[in-house]
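File shown: run-v1.pdb (PDB, C-alpha atoms and all ligand atoms).
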```pdb
MODEL        1
ATOM      1  CA  MET V   1       0.000   0.000   0.000  1.00  0.00           C
ATOM      2  CA  GLU V   2       1.344   3.384  -1.014  1.00  0.00           C
ATOM      3  CA  ILE V   3       0.332   6.186   1.366  1.00  0.00           C
ATOM      4  CA  GLU V   4       0.973   9.714   0.205  1.00  0.00           C
ATOM      5  CA  VAL V   5       0.455  13.034   1.946  1.00  0.00           C
ATOM      6  CA  VAL V   6       0.451  16.223  -0.126  1.00  0.00           C
ATOM      7  CA  ARG V   7      -0.610  19.834   0.099  1.00  0.00           C
ATOM      8  CA  GLY V   8      -3.017  20.633  -2.713  1.00  0.00           C
ATOM      9  CA  ASP V   9      -6.520  20.823  -4.112  1.00  0.00           C
ATOM     10  CA  ILE V  10      -8.762  17.747  -4.119  1.00  0.00           C
ATOM     11  CA  ILE V  11     -10.047  18.592  -7.608  1.00  0.00           C
ATOM     12  CA  ALA V  12      -6.554  18.427  -9.142  1.00  0.00           C
ATOM     13  CA  GLN V  13      -5.721  14.769  -8.423  1.00  0.00           C
ATOM     14  CA  LYS V  14      -5.286  13.476 -11.968  1.00  0.00           C
ATOM     15  CA  ASP V  15      -3.500  10.277 -10.964  1.00  0.00           C
ATOM     16  CA  ILE V  16      -6.329   9.108  -8.689  1.00  0.00           C
ATOM     17  CA  GLU V  17      -9.388   6.981  -9.547  1.00  0.00           C
ATOM     18  CA  ALA V  18     -11.720   8.140  -6.762  1.00  0.00           C
ATOM     19  CA  ILE V  19     -11.741  11.416  -4.860  1.00  0.00           C
ATOM     20  CA  VAL V  20     -13.667  11.897  -1.640  1.00  0.00           C
ATOM     21  CA  ASN V  21     -16.124  14.721  -1.113  1.00  0.00           C
ATOM     22  CA  ALA V  22     -16.592  16.198   2.375  1.00  0.00           C
ATOM     23  CA  ALA V  23     -20.308  16.367   1.610  1.00  0.00           C
ATOM     24  CA  ASN V  24     -23.377  17.769   3.342  1.00  0.00           C
ATOM     25  CA  ALA V  25     -26.437  15.639   4.126  1.00  0.00           C
ATOM     26  CA  ASN V  26     -28.325  16.688   0.994  1.00  0.00           C
ATOM     27  CA  LEU V  27     -25.300  16.247  -1.275  1.00  0.00           C
ATOM     28  CA  PHE V  28     -25.713  19.870  -2.370  1.00  0.00           C
ATOM     29  CA  PRO V  29     -22.834  21.733  -4.028  1.00  0.00           C
ATOM     30  CA  GLY V  30     -22.436  24.041  -0.962  1.00  0.00           C
ATOM     31  CA  GLY V  31     -19.033  25.467   0.011  1.00  0.00           C
ATOM     32  CA  GLY V  32     -15.574  24.140   0.869  1.00  0.00           C
ATOM     33  CA  VAL V  33     -14.611  20.804  -0.672  1.00  0.00           C
ATOM     34  CA  ALA V  34     -18.173  20.103  -1.881  1.00  0.00           C
ATOM     35  CA  GLY V  35     -18.405  23.455  -3.650  1.00  0.00           C
ATOM     36  CA  ALA V  36     -15.081  22.914  -5.417  1.00  0.00           C
ATOM     37  CA  ILE V  37     -15.954  19.353  -6.460  1.00  0.00           C
ATOM     38  CA  HIS V  38     -19.399  20.217  -7.848  1.00  0.00           C
ATOM     39  CA  LYS V  39     -18.033  23.240  -9.705  1.00  0.00           C
ATOM     40  CA  ALA V  40     -15.306  21.169 -11.353  1.00  0.00           C
ATOM     41  CA  ALA V  41     -17.515  18.135 -12.059  1.00  0.00           C
ATOM     42  CA  GLY V  42     -20.383  20.102 -13.625  1.00  0.00           C
ATOM     43  CA  SER V  43     -24.136  20.029 -13.012  1.00  0.00           C
ATOM     44  CA  GLN V  44     -24.525  16.364 -13.921  1.00  0.00           C
ATOM     45  CA  LEU V  45     -22.900  15.484 -10.605  1.00  0.00           C
ATOM     46  CA  TYR V  46     -25.688  17.105  -8.628  1.00  0.00           C
ATOM     47  CA  GLU V  47     -28.244  15.395 -10.882  1.00  0.00           C
ATOM     48  CA  GLU V  48     -26.795  12.016  -9.910  1.00  0.00           C
ATOM     49  CA  CYS V  49     -26.464  13.021  -6.246  1.00  0.00           C
ATOM     50  CA  ARG V  50     -30.118  14.006  -5.904  1.00  0.00           C
ATOM     51  CA  SER V  51     -31.304  10.413  -6.140  1.00  0.00           C
ATOM     52  CA  LEU V  52     -28.870   9.311  -3.385  1.00  0.00           C
ATOM     53  CA  ALA V  53     -29.590  12.068  -0.824  1.00  0.00           C
ATOM     54  CA  PRO V  54     -30.041  12.509   2.042  1.00  0.00           C
ATOM     55  CA  ILE V  55     -27.241  10.626   3.778  1.00  0.00           C
ATOM     56  CA  LEU V  56     -26.480  10.302   7.505  1.00  0.00           C
ATOM     57  CA  PRO V  57     -23.264  11.183   9.369  1.00  0.00           C
ATOM     58  CA  GLY V  58     -20.674   8.466   8.761  1.00  0.00           C
ATOM     59  CA  GLU V  59     -22.304   7.283   5.536  1.00  0.00           C
ATOM     60  CA  ALA V  60     -20.728   7.314   2.081  1.00  0.00           C
ATOM     61  CA  VAL V  61     -22.175   7.008  -1.434  1.00  0.00           C
ATOM     62  CA  ILE V  62     -20.457   6.770  -4.799  1.00  0.00           C
ATOM     63  CA  THR V  63     -21.135   8.567  -8.089  1.00  0.00           C
ATOM     64  CA  ARG V  64     -19.384   9.138 -11.390  1.00  0.00           C
ATOM     65  CA  ALA V  65     -17.006  12.104 -11.580  1.00  0.00           C
ATOM     66  CA  PHE V  66     -18.171  13.706 -14.858  1.00  0.00           C
ATOM     67  CA  ASP V  67     -15.837  16.616 -15.801  1.00  0.00           C
ATOM     68  CA  LEU V  68     -13.322  15.852 -13.051  1.00  0.00           C
ATOM     69  CA  PRO V  69     -10.152  13.988 -14.107  1.00  0.00           C
ATOM     70  CA  ASN V  70     -11.202  11.037 -11.891  1.00  0.00           C
ATOM     71  CA  LYS V  71     -13.521   8.092 -12.427  1.00  0.00           C
ATOM     72  CA  PHE V  72     -15.565   8.313  -9.217  1.00  0.00           C
ATOM     73  CA  VAL V  73     -16.518  10.666  -6.406  1.00  0.00           C
ATOM     74  CA  ILE V  74     -17.210   9.147  -2.981  1.00  0.00           C
ATOM     75  CA  HIS V  75     -19.437  11.495  -0.974  1.00  0.00           C
ATOM     76  CA  CYS V  76     -19.025  11.226   2.817  1.00  0.00           C
ATOM     77  CA  LEU V  77     -20.941  13.062   5.476  1.00  0.00           C
ATOM     78  CA  GLY V  78     -18.590  13.749   8.364  1.00  0.00           C
ATOM     79  CA  PRO V  79     -19.886  14.521  11.869  1.00  0.00           C
ATOM     80  CA  VAL V  80     -20.439  18.127  12.954  1.00  0.00           C
ATOM     81  CA  TYR V  81     -18.078  18.448  15.914  1.00  0.00           C
ATOM     82  CA  GLY V  82     -19.958  18.789  19.210  1.00  0.00           C
ATOM     83  CA  LYS V  83     -23.276  17.810  17.615  1.00  0.00           C
ATOM     84  CA  ASP V  84     -23.174  14.409  15.881  1.00  0.00           C
ATOM     85  CA  LYS V  85     -22.082  11.740  18.376  1.00  0.00           C
ATOM     86  CA  PRO V  86     -20.034   9.652  18.895  1.00  0.00           C
ATOM     87  CA  GLU V  87     -17.942  11.846  16.648  1.00  0.00           C
ATOM     88  CA  GLU V  88     -14.833   9.634  16.544  1.00  0.00           C
ATOM     89  CA  GLU V  89     -16.876   6.660  15.445  1.00  0.00           C
ATOM     90  CA  LEU V  90     -18.767   8.656  12.842  1.00  0.00           C
ATOM     91  CA  LEU V  91     -15.588  10.134  11.392  1.00  0.00           C
ATOM     92  CA  ALA V  92     -13.974   6.672  11.320  1.00  0.00           C
ATOM     93  CA  SER V  93     -17.050   5.358   9.467  1.00  0.00           C
ATOM     94  CA  CYS V  94     -16.510   7.914   6.697  1.00  0.00           C
ATOM     95  CA  TYR V  95     -13.094   6.419   6.036  1.00  0.00           C
ATOM     96  CA  SER V  96     -14.069   2.765   6.458  1.00  0.00           C
ATOM     97  CA  ASN V  97     -17.171   3.187   4.266  1.00  0.00           C
ATOM     98  CA  SER V  98     -14.989   4.840   1.606  1.00  0.00           C
ATOM     99  CA  PHE V  99     -12.583   1.899   1.722  1.00  0.00           C
ATOM    100  CA  ARG V 100     -15.520  -0.520   1.425  1.00  0.00           C
ATOM    101  CA  LEU V 101     -16.799   1.317  -1.671  1.00  0.00           C
ATOM    102  CA  CYS V 102     -13.310   1.109  -3.186  1.00  0.00           C
ATOM    103  CA  GLU V 103     -13.235  -2.639  -2.697  1.00  0.00           C
ATOM    104  CA  GLU V 104     -16.779  -3.094  -4.037  1.00  0.00           C
ATOM    105  CA  ASN V 105     -15.961  -1.048  -7.144  1.00  0.00           C
ATOM    106  CA  LYS V 106     -12.411  -2.383  -7.650  1.00  0.00           C
ATOM    107  CA  ILE V 107     -10.917   1.061  -7.205  1.00  0.00           C
ATOM    108  CA  SER V 108      -7.125   1.116  -6.949  1.00  0.00           C
ATOM    109  CA  SER V 109      -6.475   4.693  -5.774  1.00  0.00           C
ATOM    110  CA  ILE V 110      -8.307   7.182  -3.569  1.00  0.00           C
ATOM    111  CA  ALA V 111      -7.701  10.761  -2.396  1.00  0.00           C
ATOM    112  CA  PHE V 112      -9.184  12.149   0.819  1.00  0.00           C
ATOM    113  CA  PRO V 113      -9.514  15.736   2.036  1.00  0.00           C
ATOM    114  CA  ALA V 114      -9.529  16.346   5.809  1.00  0.00           C
ATOM    115  CA  ILE V 115     -13.226  15.453   6.315  1.00  0.00           C
ATOM    116  CA  SER V 116     -15.127  17.439   9.007  1.00  0.00           C
ATOM    117  CA  THR V 117     -12.208  19.764   9.816  1.00  0.00           C
ATOM    118  CA  GLY V 118     -13.566  22.781   7.912  1.00  0.00           C
ATOM    119  CA  ILE V 119     -17.091  24.086   8.382  1.00  0.00           C
ATOM    120  CA  PHE V 120     -17.902  21.068  10.611  1.00  0.00           C
ATOM    121  CA  GLY V 121     -15.288  22.160  13.167  1.00  0.00           C
ATOM    122  CA  TYR V 122     -13.491  18.878  14.018  1.00  0.00           C
ATOM    123  CA  PRO V 123     -10.085  19.763  15.525  1.00  0.00           C
ATOM    124  CA  PRO V 124      -7.497  18.718  12.901  1.00  0.00           C
ATOM    125  CA  LYS V 125      -5.179  17.102  15.455  1.00  0.00           C
ATOM    126  CA  GLU V 126      -7.948  14.859  16.804  1.00  0.00           C
ATOM    127  CA  ALA V 127      -9.188  14.088  13.299  1.00  0.00           C
ATOM    128  CA  VAL V 128      -5.798  12.944  12.022  1.00  0.00           C
ATOM    129  CA  SER V 129      -5.558  10.328  14.800  1.00  0.00           C
ATOM    130  CA  VAL V 130      -8.965   8.949  13.855  1.00  0.00           C
ATOM    131  CA  VAL V 131      -7.923   8.850  10.189  1.00  0.00           C
ATOM    132  CA  PHE V 132      -4.720   6.892  10.771  1.00  0.00           C
ATOM    133  CA  ASN V 133      -6.216   4.567  13.414  1.00  0.00           C
ATOM    134  CA  THR V 134      -8.954   3.654  10.940  1.00  0.00           C
ATOM    135  CA  LEU V 135      -6.443   3.178   8.166  1.00  0.00           C
ATOM    136  CA  LEU V 136      -4.306   0.870  10.294  1.00  0.00           C
ATOM    137  CA  LYS V 137      -7.360  -1.140  11.286  1.00  0.00           C
ATOM    138  CA  GLU V 138      -8.552  -1.554   7.687  1.00  0.00           C
ATOM    139  CA  ILE V 139      -5.328  -1.807   5.721  1.00  0.00           C
ATOM    140  CA  LYS V 140      -5.094  -5.609   5.812  1.00  0.00           C
ATOM    141  CA  THR V 141      -8.613  -6.000   4.379  1.00  0.00           C
ATOM    142  CA  LEU V 142      -7.863  -3.885   1.290  1.00  0.00           C
ATOM    143  CA  LYS V 143      -7.185  -5.926  -1.824  1.00  0.00           C
ATOM    144  CA  HIS V 144      -7.923  -3.677  -4.791  1.00  0.00           C
ATOM    145  CA  LEU V 145      -6.840  -0.432  -3.238  1.00  0.00           C
ATOM    146  CA  LYS V 146      -3.126   0.206  -3.802  1.00  0.00           C
ATOM    147  CA  LYS V 147      -2.764   3.906  -3.179  1.00  0.00           C
ATOM    148  CA  ILE V 148      -4.207   6.266  -0.560  1.00  0.00           C
ATOM    149  CA  LYS V 149      -3.480   9.962  -0.900  1.00  0.00           C
ATOM    150  CA  PHE V 150      -4.311  12.617   1.689  1.00  0.00           C
ATOM    151  CA  VAL V 151      -4.723  16.049   0.124  1.00  0.00           C
ATOM    152  CA  LEU V 152      -4.437  18.855   2.653  1.00  0.00           C
ATOM    153  CA  PHE V 153      -5.342  22.444   2.029  1.00  0.00           C
ATOM    154  CA  SER V 154      -3.178  24.039   4.734  1.00  0.00           C
ATOM    155  CA  GLU V 155       0.478  23.836   5.636  1.00  0.00           C
ATOM    156  CA  SER V 156      -0.421  23.057   9.277  1.00  0.00           C
ATOM    157  CA  ASP V 157      -2.627  20.100   8.265  1.00  0.00           C
ATOM    158  CA  LEU V 158       0.125  18.874   5.979  1.00  0.00           C
ATOM    159  CA  ARG V 159       2.567  18.870   8.902  1.00  0.00           C
ATOM    160  CA  LEU V 160       0.119  16.972  11.141  1.00  0.00           C
ATOM    161  CA  TYR V 161      -0.365  14.281   8.489  1.00  0.00           C
ATOM    162  CA  GLU V 162       3.351  14.034   7.707  1.00  0.00           C
ATOM    163  CA  ALA V 163       4.164  13.524  11.379  1.00  0.00           C
ATOM    164  CA  LYS V 164       1.474  10.842  11.765  1.00  0.00           C
ATOM    165  CA  LEU V 165       2.590   9.039   8.610  1.00  0.00           C
ATOM    166  CA  LYS V 166       6.171   8.932   9.902  1.00  0.00           C
ATOM    167  CA  GLU V 167       4.916   7.469  13.174  1.00  0.00           C
ATOM    168  CA  ILE V 168       2.985   4.638  11.530  1.00  0.00           C
ATOM    169  CA  GLU V 169       5.746   3.898   9.015  1.00  0.00           C
ATOM    170  CA  ALA V 170       8.183   3.456  11.872  1.00  0.00           C
ATOM    171  CA  ASP V 171       5.812   0.757  13.238  1.00  0.00           C
ATOM    172  CA  ARG V 172       4.982  -0.913   9.919  1.00  0.00           C
TER     173      ARG V 172
HETATM  174  P1  LIG V 201     -16.495  19.776   6.364  1.00  0.00           P
HETATM  175  O1  LIG V 201     -17.847  20.415   6.144  1.00  0.00           O
HETATM  176  O2  LIG V 201     -16.566  18.261   6.343  1.00  0.00           O
HETATM  177  O3  LIG V 201     -15.794  20.324   7.551  1.00  0.00           O
HETATM  178  P2  LIG V 201     -15.025  21.443   4.449  1.00  0.00           P
HETATM  179  O4  LIG V 201     -15.206  21.383   2.975  1.00  0.00           O
HETATM  180  O5  LIG V 201     -15.533  22.666   5.147  1.00  0.00           O
HETATM  181  O6  LIG V 201     -15.658  20.098   5.039  1.00  0.00           O
HETATM  182  O7  LIG V 201     -13.483  21.313   4.803  1.00  0.00           O
HETATM  183  C1  LIG V 201     -12.769  20.119   5.038  1.00  0.00           C
HETATM  184  C2  LIG V 201     -11.266  20.404   4.900  1.00  0.00           C
HETATM  185  O8  LIG V 201     -10.921  20.494   3.522  1.00  0.00           O
HETATM  186  C3  LIG V 201     -10.787  21.719   5.537  1.00  0.00           C
HETATM  187  O9  LIG V 201      -9.506  21.476   6.106  1.00  0.00           O
HETATM  188  C4  LIG V 201     -10.667  22.649   4.346  1.00  0.00           C
HETATM  189  O10 LIG V 201      -9.675  23.644   4.560  1.00  0.00           O
HETATM  190  C5  LIG V 201     -10.211  21.698   3.263  1.00  0.00           C
HETATM  191  N1  LIG V 201     -10.532  22.118   1.885  1.00  0.00           N
HETATM  192  C6  LIG V 201     -11.397  23.062   1.443  1.00  0.00           C
HETATM  193  N2  LIG V 201     -11.414  23.106   0.096  1.00  0.00           N
HETATM  194  C7  LIG V 201     -10.542  22.140  -0.334  1.00  0.00           C
HETATM  195  C8  LIG V 201     -10.099  21.679  -1.615  1.00  0.00           C
HETATM  196  N3  LIG V 201     -10.544  22.237  -2.745  1.00  0.00           N
HETATM  197  N4  LIG V 201      -9.190  20.666  -1.662  1.00  0.00           N
HETATM  198  C9  LIG V 201      -8.730  20.090  -0.530  1.00  0.00           C
HETATM  199  N5  LIG V 201      -9.101  20.474   0.705  1.00  0.00           N
HETATM  200  C10 LIG V 201      -9.983  21.493   0.814  1.00  0.00           C
ENDMDL
END
```
Any chance you could give the structure as C-alpha cells?
Amino acid sequence: MEIEVVRGDIIAQKDIEAIVNAANANLFPGGGVAGAIHKAAGSQLYEECRSLAPILPGEAVITRAFDLPNKFVIHCLGPVYGKDKPEEELLASCYSNSFRLCEENKISSIAFPAISTGIFGYPPKEAVSVVFNTLLKEIKTLKHLKKIKFVLFSESDLRLYEAKLKEIEADR
C-alpha cells in the first residue's frame, strides 16, 4: 500500500481513480470541498447526487465524476463536531465506508480531504488520529486499493499528516 500526503486541491488529483467529497447531508454543491468538487464536475454530478440524498453522518455514497479527471466521487458526510455523536466513530465510518466502496468497485487509488475539519469544526489534530487509526485497522482488508493519498489544504494540516505518517511507518 502506497500512502501519500500532499498539500493541494482535491479537484486536481489526476493520478487518482476516486476522490472523496466532504459532503453535506443533501449532497448539495455548498461550500468548501463540496463546492469545489461540484463546480469542477459540472451540473450532472448534482443530478446524480439528488437520487442518493439525504445521507447520515458516517455514511458514504459513490457517483461518477463527470468533468473531473477522476472516475468516481465518494461522498461522505462527516460529523459536525460537538453535535453528531459519537464523533470519533462517525468520522472513522466515513473512512471505512470509503474503503468498502473502493473494494466493491475495484478502485485502486483514492484521495481524501480532511473530512469534518472545515465548516464542521473537528479539531485537525484529533481528526488525524482517527484517520490513521482507521487506516491501520482496515489496511489488511484492502485488496484492490493500492494507493491512498491525503490532500491537505493548509500547511499546518500537511505537517500533522506528515508527522502521523512517519509514526505509523516506523511501526509498519
Ligand atoms: P467539512 O464540512 O466536512 O468540515 P469542508 O469542505 O468545510 O468540510 O473542509 C474540510 C477540509 O478540507 C478543511 O480542512 C478545508 O480547509 C479543506 N478544503 C477546502 N477546500 C478544499 C479543496 N478544494 N481541496 C482540498 N481540501 C480542501
Check: Neighbours of ligand LIG 201 (chain V) within 9 Å, counting only C-alpha atoms and all ligand atoms, as number ranges by chain?
Finding: V: 7-12, 21-24, 30-37, 76-81, 112-122, 124, 150-154, 157
Next item on the list: For atom CA of V:Leu158 and atom CA of V:Phe66, quote the distance in Å rounded to one decimal.
Entry: 28.2 Å
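For the set V:Ala170, V:Val130, V:Leu68, V:Val61, the residue with the smallest atom-to-atom gap to V:Ser43 is V:Leu68, counting only C-alpha atoms.
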Check: Care to translate the PyMOL selection byres (((chain V and resi 14) around 8) and not hetatm) into actual residues of this file, as JSON, numbers by chain?
Finding: {"V": [12, 13, 15, 16, 69, 70]}
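Put simply, atom CA of V:Lys125 is 28.0 Å away from atom CA of V:Glu103.
Using all atoms listed in the file, the smallest distance between any of V:Val73, V:Ala163, V:Glu17, V:Ser98 and V:Ala40 comes from V:Val73.
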Notebook entry, point to check: Do you have the atom CA of V:Ala111-atom CA of V:Lys146 distance handy?
Noted result: 11.6 Å
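Using only C-alpha atoms, the nearest neighbour of V:Lys164 within the list V:Leu90, V:Ala127, V:Leu101, V:Ala53 is V:Ala127.
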Checklist line | Reference answer for the PyMOL selection byres (((chain V and resi 105) around 12) and not hetatm), as a ChimeraX atom specification | finding: /V:17-18,61-64,71-74,98-104,106-110,143-145
Near V:Ile55, counting all atoms listed in the file, which residues have an atom at most 8 Å away, once you skip same-chain residues fewer than 6 positions from it, shown as a short mmCIF file (atom, residue, chain, number, x, y, z; two decimals) with C-alpha atoms, in the frame of the given file?
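Heads up, here's the output in around03.cif:
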```cif
data_model
loop_
_atom_site.label_atom_id
_atom_site.label_comp_id
_atom_site.auth_asym_id
_atom_site.auth_seq_id
_atom_site.Cartn_x
_atom_site.Cartn_y
_atom_site.Cartn_z
CA ALA V 25 -26.44 15.64 4.13
CA ASN V 26 -28.32 16.69 0.99
CA LEU V 27 -25.30 16.25 -1.27
CA LEU V 77 -20.94 13.06 5.48
#
```
Notebook entry, point to check: In terms of the shortest atom-to-atom distance over all atoms listed in the file, which of V:Phe28, V:Asp67, V:Val5, V:Pro54 is closest to V:Arg159?
Noted result: V:Val5
Notebook entry, point to check: Pick the closest to V:Glu162 from V:Phe132, V:Lys137, V:Leu56, V:His38: which is it, counting only C-alpha atoms?
Noted result: V:Phe132
